[in-house]
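Q: I'm passing along target-v2.cif; it holds mmCIF, C-alpha atoms.
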```cif
data_entry
loop_
_atom_site.label_atom_id
_atom_site.label_comp_id
_atom_site.auth_asym_id
_atom_site.auth_seq_id
_atom_site.Cartn_x
_atom_site.Cartn_y
_atom_site.Cartn_z
CA MET A 174 0.00 0.00 0.00
CA SER A 175 1.34 3.40 -0.85
CA THR A 176 0.52 6.06 1.69
CA ASP A 177 -0.72 9.26 0.20
CA PRO A 178 0.95 12.09 2.11
CA THR A 179 -1.76 14.47 0.99
CA ALA A 180 -4.65 12.24 2.09
CA ASN A 181 -5.93 14.69 4.66
CA PHE A 182 -4.73 18.08 3.67
CA SER A 183 -3.98 20.38 0.85
CA GLY A 184 -2.65 23.90 0.61
CA ASP A 185 -6.09 25.10 -0.36
CA ILE A 186 -8.83 23.55 1.72
CA ALA A 187 -11.63 25.12 -0.31
CA GLY A 188 -13.37 22.46 -2.36
CA ASP A 189 -12.10 19.60 -0.25
CA ILE A 190 -14.19 16.85 1.31
CA LEU A 191 -14.85 18.36 4.73
CA THR A 192 -15.47 21.81 3.25
CA THR A 193 -18.03 20.28 0.91
CA ALA A 194 -19.64 18.36 3.79
CA LEU A 195 -20.04 21.56 5.77
CA ASP A 196 -21.35 23.45 2.72
CA TRP A 197 -23.98 20.74 2.16
CA LYS A 198 -24.97 20.85 5.84
CA ASN A 199 -25.24 24.64 5.78
CA ALA A 200 -27.45 24.34 2.69
CA GLY A 201 -29.88 22.27 4.77
CA LYS A 202 -28.99 18.84 3.41
CA GLY A 203 -28.54 15.64 5.39
CA VAL A 204 -24.84 14.70 5.37
CA ALA A 205 -22.78 11.68 6.41
CA LEU A 206 -19.03 11.18 6.59
CA ALA A 207 -17.25 7.88 5.96
CA THR A 208 -13.66 7.40 7.16
CA VAL A 209 -11.25 4.51 6.60
CA VAL A 210 -10.18 3.53 10.14
CA THR A 211 -8.31 0.26 9.56
CA THR A 212 -6.71 -1.46 6.60
CA TRP A 213 -5.08 -4.85 6.16
CA GLY A 214 -3.17 -6.01 3.12
CA SER A 215 -3.27 -4.09 -0.11
CA ALA A 216 -6.06 -1.64 0.66
CA PRO A 217 -6.22 1.02 -2.02
CA ARG A 218 -6.70 4.07 0.21
CA PRO A 219 -4.79 4.89 3.40
CA VAL A 220 -6.28 5.05 6.89
CA GLY A 221 -7.88 8.46 7.41
CA SER A 222 -9.23 8.75 3.86
CA GLN A 223 -12.72 10.22 3.79
CA LEU A 224 -15.90 10.35 1.77
CA ALA A 225 -18.80 12.77 2.28
CA VAL A 226 -22.33 11.80 1.21
CA ASP A 227 -25.45 13.95 0.95
CA ASP A 228 -29.05 12.80 1.41
CA GLU A 229 -29.46 12.25 -2.34
CA GLY A 230 -26.50 9.89 -2.49
CA LYS A 231 -24.16 12.42 -4.07
CA PHE A 232 -20.62 11.92 -2.78
CA ILE A 233 -17.14 13.42 -2.84
CA GLY A 234 -13.85 11.78 -1.85
CA SER A 235 -13.02 8.09 -1.74
CA VAL A 236 -12.47 5.28 0.73
CA SER A 237 -11.39 2.54 -1.65
CA GLY A 238 -10.73 3.85 -5.12
CA GLY A 239 -14.15 2.67 -6.29
CA CYS A 240 -14.52 -0.90 -4.96
CA ILE A 241 -16.94 -0.33 -2.10
CA GLU A 242 -18.18 3.24 -2.54
CA GLY A 243 -21.65 2.05 -3.55
CA ALA A 244 -22.13 0.02 -0.38
CA VAL A 245 -20.70 2.81 1.78
CA VAL A 246 -23.07 5.35 0.25
CA THR A 247 -26.04 3.04 0.97
CA GLU A 248 -24.98 2.73 4.62
CA ALA A 249 -24.39 6.50 4.75
CA LEU A 250 -27.97 7.14 3.61
CA ASP A 251 -29.18 4.85 6.41
CA ALA A 252 -27.00 6.76 8.89
CA ILE A 253 -28.44 10.07 7.68
CA ALA A 254 -31.93 8.60 8.26
CA ASP A 255 -31.43 7.06 11.72
CA GLY A 256 -28.48 9.08 13.10
CA LYS A 257 -26.61 5.98 14.30
CA PRO A 258 -22.87 5.70 13.55
CA ARG A 259 -21.74 2.44 11.93
CA LEU A 260 -18.50 0.51 11.65
CA LEU A 261 -18.39 -1.43 8.37
CA ASP A 262 -16.03 -4.28 7.51
CA PHE A 263 -15.09 -5.07 3.94
CA GLY A 264 -12.72 -7.74 2.78
CA VAL A 265 -12.29 -10.68 0.43
CA SER A 266 -13.41 -13.13 3.12
CA ASP A 267 -16.57 -11.15 3.63
CA ALA A 268 -19.49 -12.27 1.46
CA GLN A 269 -20.93 -8.78 1.22
CA ALA A 270 -17.59 -7.29 0.21
CA TRP A 271 -17.20 -9.96 -2.44
CA GLU A 272 -20.58 -8.96 -3.81
CA VAL A 273 -19.68 -5.30 -3.93
CA GLY A 274 -16.34 -6.18 -5.42
CA LEU A 275 -13.34 -5.42 -3.25
CA ALA A 276 -11.26 -7.02 -5.96
CA CYS A 277 -8.06 -5.41 -4.76
CA GLY A 278 -7.63 -8.20 -2.20
CA GLY A 279 -7.34 -6.06 0.91
CA LYS A 280 -9.56 -5.58 3.91
CA ILE A 281 -10.78 -2.28 5.19
CA GLN A 282 -12.92 -0.99 8.01
CA VAL A 283 -14.98 2.14 7.42
CA TYR A 284 -16.64 4.31 10.06
CA VAL A 285 -19.81 6.06 8.90
CA GLU A 286 -21.35 8.92 10.90
CA ARG A 287 -24.02 11.52 10.38
CA LEU A 288 -23.10 15.19 10.52
CA ASP A 289 -25.43 16.51 13.22
CA SER A 290 -26.64 20.06 13.71
CA MET B 76 -20.21 14.29 14.20
CA LYS B 77 -21.42 17.54 15.69
CA ARG B 78 -21.40 20.49 13.33
CA GLU B 79 -19.40 22.65 15.80
CA ILE B 80 -16.61 20.03 15.87
CA LEU B 81 -16.38 20.09 12.09
CA GLU B 82 -16.44 23.89 12.08
CA GLN B 83 -13.61 24.02 14.64
CA LEU B 84 -11.64 21.41 12.66
CA GLN B 85 -11.99 23.51 9.51
CA ALA B 86 -10.88 26.64 11.41
CA ASP B 87 -7.82 24.74 12.69
CA ARG B 88 -6.94 23.59 9.19
CA ALA B 89 -7.34 27.10 7.80
CA ASP B 90 -4.97 28.38 10.52
CA LYS B 91 -2.47 25.58 9.75
CA ARG B 92 -2.85 24.20 13.29
CA PRO B 93 -2.04 20.47 13.67
CA VAL B 94 -5.04 18.67 15.18
CA VAL B 95 -6.25 15.14 15.89
CA LEU B 96 -9.92 14.21 15.60
CA ALA B 97 -10.50 11.50 18.21
CA THR B 98 -13.58 9.29 17.72
CA PHE B 99 -14.80 6.60 20.10
CA LEU B 100 -15.98 4.10 17.50
CA LYS B 101 -18.56 2.48 19.80
CA THR B 102 -20.40 5.59 20.92
CA GLY B 103 -19.50 8.14 18.25
CA GLU B 104 -18.28 10.58 20.92
CA GLN B 105 -15.64 12.90 19.47
CA ARG B 106 -13.22 15.60 20.42
CA LEU B 107 -10.31 17.54 18.97
CA LEU B 108 -6.84 17.14 20.47
CA TYR B 109 -3.91 19.53 20.00
CA LEU B 110 -0.14 19.30 20.33
CA VAL B 111 0.13 22.34 22.53
CA GLY B 112 -1.47 22.40 25.95
CA LYS B 113 -3.98 20.04 27.49
CA LYS B 114 -7.05 21.28 25.67
CA GLY B 115 -9.49 18.44 25.11
CA LEU B 116 -7.43 16.01 27.20
CA LYS B 117 -8.87 16.45 30.68
CA ASP B 118 -10.72 13.37 31.95
CA LEU B 119 -9.04 11.27 29.24
CA ASP B 120 -6.53 8.47 29.74
CA PRO B 121 -3.00 10.03 29.48
CA ARG B 122 -2.12 7.37 26.88
CA ILE B 123 -4.55 9.09 24.53
CA GLY B 124 -2.62 12.35 24.60
CA GLU B 125 0.63 10.48 23.94
CA ALA B 126 -0.87 8.52 21.06
CA ALA B 127 -2.36 11.68 19.54
CA ARG B 128 1.01 13.41 19.73
CA ALA B 129 2.76 10.45 18.09
CA ALA B 130 0.09 10.35 15.38
CA LEU B 131 0.68 14.02 14.56
CA ILE B 132 4.46 13.77 14.58
CA GLU B 133 4.47 10.61 12.45
CA ASP B 134 1.61 12.01 10.36
CA LYS B 135 -0.16 8.67 10.69
CA PRO B 136 -3.70 8.03 11.93
CA ARG B 137 -4.19 5.08 14.30
CA THR B 138 -6.65 3.26 16.53
CA LEU B 139 -6.02 2.98 20.27
CA ASP B 140 -7.73 0.40 22.49
CA THR B 141 -9.23 2.15 25.50
CA GLU B 142 -11.60 1.27 28.34
CA GLN B 143 -14.38 2.83 26.26
CA GLY B 144 -13.53 0.64 23.26
CA PRO B 145 -11.52 1.50 20.15
CA LEU B 146 -10.58 5.17 19.76
CA PHE B 147 -9.73 6.30 16.23
CA LEU B 148 -7.24 9.15 15.98
CA ASN B 149 -7.39 10.88 12.61
CA VAL B 150 -4.58 13.28 11.79
CA PHE B 151 -5.06 16.71 10.23
CA ASN B 152 -1.62 18.19 9.73
CA PRO B 153 -0.93 21.42 7.89
CA PRO B 154 0.69 21.11 4.47
CA LEU B 155 4.45 20.68 4.27
CA ARG B 156 6.28 23.95 3.68
CA LEU B 157 9.83 24.75 2.72
CA ILE B 158 11.15 28.21 3.52
CA LEU B 159 14.23 28.99 1.45
CA VAL B 160 16.33 31.96 2.42
CA GLY B 161 18.40 33.15 -0.51
CA ALA B 162 17.07 33.23 -4.06
CA VAL B 163 20.37 31.85 -5.36
CA HIS B 164 21.28 29.34 -8.07
CA ILE B 165 20.71 26.30 -5.83
CA ALA B 166 17.24 27.61 -4.98
CA GLN B 167 16.31 27.55 -8.65
CA ALA B 168 16.93 23.78 -8.69
CA LEU B 169 15.58 23.07 -5.20
CA VAL B 170 12.26 24.88 -5.69
CA PRO B 171 10.80 22.57 -8.38
CA MET B 172 12.17 19.44 -6.68
CA ALA B 173 10.60 20.37 -3.36
CA GLN B 174 7.31 21.16 -5.10
CA LEU B 175 7.33 17.69 -6.65
CA ALA B 176 7.88 16.22 -3.19
CA GLY B 177 4.71 17.97 -1.96
CA TYR B 178 6.09 21.12 -0.36
CA GLU B 179 4.63 24.57 -0.61
CA VAL B 180 7.79 26.61 -1.23
CA ILE B 181 8.39 30.15 0.00
CA VAL B 182 11.57 31.99 -1.05
CA ILE B 183 12.83 34.88 1.06
CA ASP B 184 15.50 37.26 -0.24
CA PRO B 185 15.62 40.94 0.64
CA ARG B 186 17.87 41.54 -2.39
CA SER B 187 15.23 42.09 -5.05
CA ALA B 188 17.69 41.43 -7.90
CA PHE B 189 17.93 37.83 -6.66
CA GLY B 190 14.40 37.31 -5.41
CA SER B 191 12.57 38.36 -8.53
CA VAL B 192 9.42 36.93 -10.05
CA GLU B 193 11.30 36.37 -13.33
CA ARG B 194 13.72 34.00 -11.61
CA PHE B 195 11.06 32.28 -9.49
CA PRO B 196 7.76 32.27 -11.36
CA GLY B 197 4.67 30.96 -9.64
CA ILE B 198 5.91 30.70 -6.07
CA THR B 199 5.53 32.78 -2.94
CA LEU B 200 8.39 35.28 -2.91
CA SER B 201 9.21 37.70 -0.11
CA ASN B 202 11.63 40.62 -0.32
CA ASP B 203 11.26 41.29 3.41
CA TRP B 204 14.12 40.72 5.82
CA PRO B 205 14.00 37.12 7.04
CA ASP B 206 13.06 37.94 10.65
CA GLU B 207 10.00 39.88 9.45
CA ALA B 208 9.11 37.30 6.82
CA MET B 209 9.48 34.41 9.28
CA ALA B 210 7.25 36.16 11.83
CA GLN B 211 4.56 36.41 9.18
CA LEU B 212 4.96 32.81 7.99
CA ARG B 213 4.74 31.33 11.50
CA PRO B 214 6.82 28.21 10.72
CA ASP B 215 5.52 25.04 12.41
CA LEU B 216 6.48 21.40 12.83
CA ARG B 217 5.54 20.73 9.18
CA THR B 218 7.98 23.39 7.97
CA ALA B 219 11.59 23.03 6.81
CA LEU B 220 14.00 25.98 6.73
CA VAL B 221 17.05 26.14 4.48
CA THR B 222 19.40 29.13 4.35
CA LEU B 223 21.47 29.52 1.21
CA THR B 224 22.96 33.04 1.09
CA HIS B 225 26.21 32.58 3.13
CA ASP B 226 25.55 36.15 4.23
CA PRO B 227 25.19 36.40 8.03
CA LYS B 228 23.08 39.54 7.69
CA ILE B 229 20.47 37.49 5.82
CA ASP B 230 20.94 33.91 7.04
CA ASP B 231 21.35 34.56 10.78
CA PRO B 232 17.97 36.25 11.44
CA ALA B 233 16.27 33.36 9.63
CA LEU B 234 18.17 30.75 11.65
CA ILE B 235 17.35 32.55 14.89
CA ALA B 236 13.64 32.60 13.99
CA GLY B 237 13.85 28.93 12.96
CA LEU B 238 15.48 27.89 16.23
CA LYS B 239 12.72 29.64 18.16
CA SER B 240 10.08 27.67 16.22
CA ASP B 241 9.09 23.99 15.89
CA VAL B 242 10.44 23.53 12.32
CA PHE B 243 11.31 19.88 11.71
CA TYR B 244 14.41 20.68 9.68
CA ILE B 245 16.98 23.47 9.60
CA GLY B 246 19.73 23.41 7.00
CA ALA B 247 22.41 26.05 6.47
CA LEU B 248 24.62 26.18 3.38
CA GLY B 249 28.28 26.89 3.99
CA SER B 250 31.59 25.16 4.64
CA LYS B 251 32.59 23.72 8.01
CA LYS B 252 34.56 26.90 8.65
CA THR B 253 31.56 29.08 7.77
CA HIS B 254 29.40 26.91 10.00
CA ALA B 255 31.81 27.18 12.94
CA SER B 256 31.77 30.98 12.80
CA ARG B 257 27.98 30.85 12.41
CA LEU B 258 27.72 28.86 15.64
CA GLU B 259 29.98 31.39 17.38
CA ARG B 260 27.62 34.20 16.36
CA LEU B 261 24.60 32.19 17.51
CA THR B 262 26.32 31.51 20.84
CA ALA B 263 26.64 35.26 21.27
CA GLU B 264 22.88 35.46 20.64
CA GLY B 265 22.29 33.08 23.55
CA PHE B 266 21.87 29.76 21.72
CA GLY B 267 23.61 26.56 22.84
CA PRO B 268 24.47 22.97 21.89
CA ASP B 269 20.84 21.76 21.93
CA ASP B 270 19.99 24.41 19.37
CA PHE B 271 23.06 23.70 17.25
CA ALA B 272 22.09 20.01 17.12
CA ARG B 273 19.01 21.09 15.14
CA ILE B 274 21.04 22.80 12.41
CA HIS B 275 22.23 20.65 9.53
CA GLY B 276 25.42 22.42 8.51
CA PRO B 277 27.01 21.97 6.11
CA VAL B 278 23.61 21.29 4.59
CA GLY B 279 22.64 18.07 2.81
CA LEU B 280 23.50 14.38 2.91
CA SER B 281 27.08 13.46 2.08
CA ILE B 282 26.70 12.16 -1.48
CA GLY B 283 29.49 14.11 -3.15
CA ALA B 284 27.05 16.61 -4.65
CA LYS B 285 28.64 19.25 -6.91
CA SER B 286 26.07 20.92 -9.17
CA PRO B 287 23.11 22.96 -7.87
CA ALA B 288 20.76 20.12 -8.82
CA GLU B 289 22.88 17.52 -7.00
CA ILE B 290 23.15 19.73 -3.93
CA SER B 291 19.36 20.14 -4.05
CA ILE B 292 18.97 16.36 -4.12
CA SER B 293 21.20 16.00 -1.07
CA ILE B 294 19.23 18.70 0.79
CA LEU B 295 15.83 17.25 -0.14
CA ALA B 296 16.98 13.74 0.82
CA GLN B 297 18.11 15.00 4.23
CA MET B 298 14.81 16.87 4.70
CA THR B 299 12.92 13.68 3.83
CA ALA B 300 14.90 11.66 6.36
CA ALA B 301 14.26 14.31 9.04
CA LEU B 302 10.54 14.17 8.24
CA ARG B 303 10.10 10.42 7.97
CA GLN B 304 12.80 9.09 10.31
CA PRO B 305 13.33 11.89 12.82
CA ALA B 306 15.04 9.68 15.41
CA ALA B 307 17.58 8.39 12.87
CA THR B 308 18.52 11.76 11.42
CA PRO B 309 20.72 13.81 13.73
CA ALA B 310 22.33 16.92 12.28
CA SER B 311 25.65 15.04 12.41
CA SER B 312 24.61 13.08 9.31
CA SER B 313 25.36 16.17 7.26
CA ALA B 314 27.66 16.43 4.29
CA ALA B 315 31.33 16.50 5.20
CA ALA B 316 32.26 19.30 2.84
#
```
Represent the structure contained in this file as structure tokens.
A:
Amino acid sequence: MSTDPTANFSGDIAGDILTTALDWKNAGKGVALATVVTTWGSAPRPVGSQLAVDDEGKFIGSVSGGCIEGAVVTEALDAIADGKPRLLDFGVSDAQAWEVGLACGGKIQVYVERLDS
Amino acid sequence: MKREILEQLQADRADKRPVVLATFLKTGEQRLLYLVGKKGLKDLDPRIGEAARAALIEDKPRTLDTEQGPLFLNVFNPPLRLILVGAVHIAQALVPMAQLAGYEVIVIDPRSAFGSVERFPGITLSNDWPDEAMAQLRPDLRTALVTLTHDPKIDDPALIAGLKSDVFYIGALGSKKTHASRLERLTAEGFGPDDFARIHGPVGLSIGAKSPAEISISILAQMTAALRQPAATPASSSAAA
């Protein structure tokens, strides 16, 4: 796994994931954040990588480089609805992850939380 | 996540303040932890403060097992910066290399013939004296400082400001003889051996570098080692020449 030294910051924070999440919230939308908290093996995105989702399923950022974003967005919509944080496990040994296609062969754990008022 | 926590996190990032977002993964409880002071740490296990500090310094998020279950520590460090003092020939090679390595580069040279936009297009350029420029830039633990002018009038105020800050790397161009007289001047300014241990002088790893580009490689390699392997990179690993 290559660690991306710019995973969490950039010189210009406008337009980044957290800025977008806050903009969505301030515009009155429901918003959830997903964060990679653990990786094993050849996970495509480093720990700390984030994805923001709005209540229409629009998202910015990435937690896997495309493998599991669909499933994470679905869980994020549920979190926006019920307000409960979730810890999701994805990996090749996991039937659900196989279905959603974590073909990269790694395992990752993603924390999903609603942005509250 | 509470909106006010995200708003504070964004304010910290805008101010280039290193911060850890700590999340108890079972309950969702969160708080922001800082390097300086005990803010956010009261009523928490002291191990959490230590782990947060290590996460910031190593620039690496982690999960800590606590009595309240797993605690995820996400790291929000300011961008890497390189402050170059002296818009000289070596700087012209070092600027693009450092940019490729992910640094925001700032060049300070009060001599406007050197520090001109024509010679350094597209980067932050200051013609202020280094002490004034450094005060404005507020160098932090994600900042490297390299002085290149050989001129004590220009280099010394920058080194003094660097030593008073948390910069992770200080490099000073000049021969061993130049460096020895530099340390004498800094002694007169009240600095001592602990401060001198932070200055890589002569600057750069000892790889026999000759050309400006090669010298830039040796400087950038030494900066990288100081950033990624701080314990293994004392100033004594500097170039012999």
Q: Which residues would end up in the selection if the PyMOL selection byres ((chain A and resi 284-286) around 7) were applied here, given that I need the answer as a count of residues only?
A: 18
Q: Go through B:Arg88, B:Asp206, B:Lys77, B:Ala233 one by one, measure the shortest atom-to-atom distance of each to Asp189 of chain A using all atoms listed in the file, and give the residue with the smallest value.
A: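 Selected residue with least distance to Asp189 of chain A: B:Arg88.
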Q: Nearest to chain B: which of A:Gly221, A:Gly256, A:Gly239, A:Gly214 is it, counting only C-alpha atoms?
A: A:Gly221
Q: Step by step: start from the point (-2.8, 12.6, 11.8) in the file's coordinates, keep every protein, DNA or RNA residue that has an atom no farther than 8 Å from it, count all atoms listed in the file, and write the set as a PyMOL selection string.
A: (chain A and resi 221) or (chain B and resi 94-95+127+130-136+148-152)
Q: When the PyMOL selection byres ((chain B) within 12 of (chain A)) is applied to the file above, which residues end up in the set, as a PyMOL selection string?
A: chain B and resi 76-105+130-131+133-139+145-156+174+176-180+217+302-303
Q: Please enumerate the residues selected by the PyMOL selection byres ((chain A and resi 233-236) around 7) when evaluated against the supplied file, formatted as a PyMOL selection string.
A: chain A and resi 190+208-209+218+222-226+232+237-238+242
Q: Between B:Leu175, B:Val170, B:Met298, B:Ala162, which has the minimum distance to Ala188 of chain B (counting only C-alpha atoms)?
A: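 Checking each of B:Leu175, B:Val170, B:Met298, B:Ala162 against Ala188 of chain B, counting only C-alpha atoms, the winner is B:Ala162.
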Q: Atom CA of Ser187 of chain B to atom CA of Pro205 of chain B: how many Å, to one decimal?
A: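 Here the two named atoms are 13.1 Å from each other.
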Q: Would you list the contacts of segment 194-198 of chain B as a count of residues only, taking every protein, DNA or RNA residue within 8 Å and counting all atoms listed in the file, but skipping same-chain residues closer than 5 positions in sequence?
A: 5
Q: What is the atom CA of Pro214 of chain B-atom CA of Ser240 of chain B distance in Å, reported with one decimal?
A: 6.4 Å
Q: Between atom CA of Ala236 of chain B and atom CA of Ser281 of chain B, what is the spacing in Å?
A: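 Answer for the atom CA of Ser281 of chain B to atom CA of Ala236 of chain B separation: 26.2 Å.
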Q: Between B:Pro268, B:His225, B:Gln143, B:Leu110, single out the one closest to Lys252 of chain B, counting only C-alpha atoms.
A: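 Distance minimum relative to Lys252 of chain B lands on B:His225.
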Q: For Pro185 of chain B, please output as a compact mmCIF listing (two decimals) with C-alpha atoms, keeping the file's coordinate frame all residues within 8 Å (counting all atoms listed in the file; exclusion window: fewer than 2 positions along the same chain).
A:
```txt
# COMPACT_ATOMS: atom_id res chain seq x y z
CA ILE B 183 12.83 34.88 1.06
CA SER B 187 15.23 42.09 -5.05
CA GLY B 190 14.40 37.31 -5.41
CA SER B 201 9.21 37.70 -0.11
CA ASN B 202 11.63 40.62 -0.32
CA ASP B 203 11.26 41.29 3.41
CA TRP B 204 14.12 40.72 5.82
CA PRO B 205 14.00 37.12 7.04
CA ILE B 229 20.47 37.49 5.82
```
Q: Give me the residues within 10 Å of Gly237 of chain B as a list in words, counting all atoms listed in the file and dropping any in the same chain fewer than 2 places off.
A: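 Listed by chain and then number, they are Ile158, Asp206, Met209, Ala210, Arg213, Pro214, Asp215, Thr218, Ala219, Leu220, Val221, Asp231, Pro232, Ala233, Leu234, Ile235, Lys239, Ser240, Asp241, Val242, Phe243, Tyr244, Ile245, Asp270, Arg273 and Ile274 of chain B.
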Q: How would the residues just chosen look if you wrote them out with C-alpha atoms as a PDB file, keeping the file's coordinate frame?
A:
```
ATOM      1  CA  ILE B 158      11.150  28.210   3.520  1.00  0.00           C
ATOM      2  CA  ASP B 206      13.060  37.940  10.650  1.00  0.00           C
ATOM      3  CA  MET B 209       9.480  34.410   9.280  1.00  0.00           C
ATOM      4  CA  ALA B 210       7.250  36.160  11.830  1.00  0.00           C
ATOM      5  CA  ARG B 213       4.740  31.330  11.500  1.00  0.00           C
ATOM      6  CA  PRO B 214       6.820  28.210  10.720  1.00  0.00           C
ATOM      7  CA  ASP B 215       5.520  25.040  12.410  1.00  0.00           C
ATOM      8  CA  THR B 218       7.980  23.390   7.970  1.00  0.00           C
ATOM      9  CA  ALA B 219      11.590  23.030   6.810  1.00  0.00           C
ATOM     10  CA  LEU B 220      14.000  25.980   6.730  1.00  0.00           C
ATOM     11  CA  VAL B 221      17.050  26.140   4.480  1.00  0.00           C
ATOM     12  CA  ASP B 231      21.350  34.560  10.780  1.00  0.00           C
ATOM     13  CA  PRO B 232      17.970  36.250  11.440  1.00  0.00           C
ATOM     14  CA  ALA B 233      16.270  33.360   9.630  1.00  0.00           C
ATOM     15  CA  LEU B 234      18.170  30.750  11.650  1.00  0.00           C
ATOM     16  CA  ILE B 235      17.350  32.550  14.890  1.00  0.00           C
ATOM     17  CA  LYS B 239      12.720  29.640  18.160  1.00  0.00           C
ATOM     18  CA  SER B 240      10.080  27.670  16.220  1.00  0.00           C
ATOM     19  CA  ASP B 241       9.090  23.990  15.890  1.00  0.00           C
ATOM     20  CA  VAL B 242      10.440  23.530  12.320  1.00  0.00           C
ATOM     21  CA  PHE B 243      11.310  19.880  11.710  1.00  0.00           C
ATOM     22  CA  TYR B 244      14.410  20.680   9.680  1.00  0.00           C
ATOM     23  CA  ILE B 245      16.980  23.470   9.600  1.00  0.00           C
ATOM     24  CA  ASP B 270      19.990  24.410  19.370  1.00  0.00           C
ATOM     25  CA  ARG B 273      19.010  21.090  15.140  1.00  0.00           C
ATOM     26  CA  ILE B 274      21.040  22.800  12.410  1.00  0.00           C
TER      27      ILE B 274
END
```
Q: How big is the axis-aligned box around all listed atoms of segment 199-211 of chain B once 4 Å goes on each side, and where's its centre, in Å to one decimal, as AutoDock Vina command-line options?
A:
```
--center_x 9.3 --center_y 37.0 --center_z 4.4 --size_x 17.6 --size_y 16.5 --size_z 22.8
```
Q: Missing atoms in segment 285-290 of chain B: can you complete it with all heavy atoms, as a PDB file, in the coordinates of the input?
A:
```pdb
ATOM      1  N   LYS B 285      27.870  18.116  -6.377  1.00  0.00           N
ATOM      2  CA  LYS B 285      28.640  19.250  -6.910  1.00  0.00           C
ATOM      3  C   LYS B 285      27.730  20.327  -7.515  1.00  0.00           C
ATOM      4  O   LYS B 285      27.815  21.484  -7.159  1.00  0.00           O
ATOM      5  CB  LYS B 285      29.615  18.768  -7.998  1.00  0.00           C
ATOM      6  CG  LYS B 285      30.699  17.834  -7.482  1.00  0.00           C
ATOM      7  CD  LYS B 285      31.878  18.606  -6.909  1.00  0.00           C
ATOM      8  CE  LYS B 285      32.984  17.656  -6.447  1.00  0.00           C
ATOM      9  NZ  LYS B 285      33.357  17.912  -5.061  1.00  0.00           N
ATOM     10  N   SER B 286      26.888  19.932  -8.444  1.00  0.00           N
ATOM     11  CA  SER B 286      26.070  20.920  -9.170  1.00  0.00           C
ATOM     12  C   SER B 286      24.910  21.376  -8.296  1.00  0.00           C
ATOM     13  O   SER B 286      24.546  20.710  -7.314  1.00  0.00           O
ATOM     14  CB  SER B 286      25.527  20.285 -10.449  1.00  0.00           C
ATOM     15  OG  SER B 286      24.553  19.309 -10.118  1.00  0.00           O
ATOM     16  N   PRO B 287      24.288  22.512  -8.640  1.00  0.00           N
ATOM     17  CA  PRO B 287      23.110  22.960  -7.870  1.00  0.00           C
ATOM     18  C   PRO B 287      22.030  21.893  -7.774  1.00  0.00           C
ATOM     19  O   PRO B 287      21.428  21.716  -6.707  1.00  0.00           O
ATOM     20  CB  PRO B 287      22.628  24.178  -8.672  1.00  0.00           C
ATOM     21  CG  PRO B 287      23.858  24.711  -9.324  1.00  0.00           C
ATOM     22  CD  PRO B 287      24.700  23.503  -9.652  1.00  0.00           C
ATOM     23  N   ALA B 288      21.794  21.160  -8.859  1.00  0.00           N
ATOM     24  CA  ALA B 288      20.760  20.120  -8.820  1.00  0.00           C
ATOM     25  C   ALA B 288      21.160  19.000  -7.860  1.00  0.00           C
ATOM     26  O   ALA B 288      20.332  18.507  -7.089  1.00  0.00           O
ATOM     27  CB  ALA B 288      20.527  19.555 -10.227  1.00  0.00           C
ATOM     28  N   GLU B 289      22.423  18.597  -7.904  1.00  0.00           N
ATOM     29  CA  GLU B 289      22.880  17.520  -7.000  1.00  0.00           C
ATOM     30  C   GLU B 289      22.816  17.971  -5.549  1.00  0.00           C
ATOM     31  O   GLU B 289      22.416  17.206  -4.662  1.00  0.00           O
ATOM     32  CB  GLU B 289      24.299  17.096  -7.379  1.00  0.00           C
ATOM     33  CG  GLU B 289      24.349  16.335  -8.708  1.00  0.00           C
ATOM     34  CD  GLU B 289      25.787  16.087  -9.175  1.00  0.00           C
ATOM     35  OE1 GLU B 289      26.738  16.588  -8.534  1.00  0.00           O
ATOM     36  OE2 GLU B 289      25.949  15.398 -10.185  1.00  0.00           O
ATOM     37  N   ILE B 290      23.224  19.213  -5.303  1.00  0.00           N
ATOM     38  CA  ILE B 290      23.150  19.730  -3.930  1.00  0.00           C
ATOM     39  C   ILE B 290      21.692  19.771  -3.470  1.00  0.00           C
ATOM     40  O   ILE B 290      21.368  19.415  -2.332  1.00  0.00           O
ATOM     41  CB  ILE B 290      23.813  21.131  -3.850  1.00  0.00           C
ATOM     42  CG1 ILE B 290      25.315  20.999  -4.105  1.00  0.00           C
ATOM     43  CG2 ILE B 290      23.553  21.792  -2.493  1.00  0.00           C
ATOM     44  CD1 ILE B 290      26.031  22.309  -4.383  1.00  0.00           C
TER      45      ILE B 290
END
```
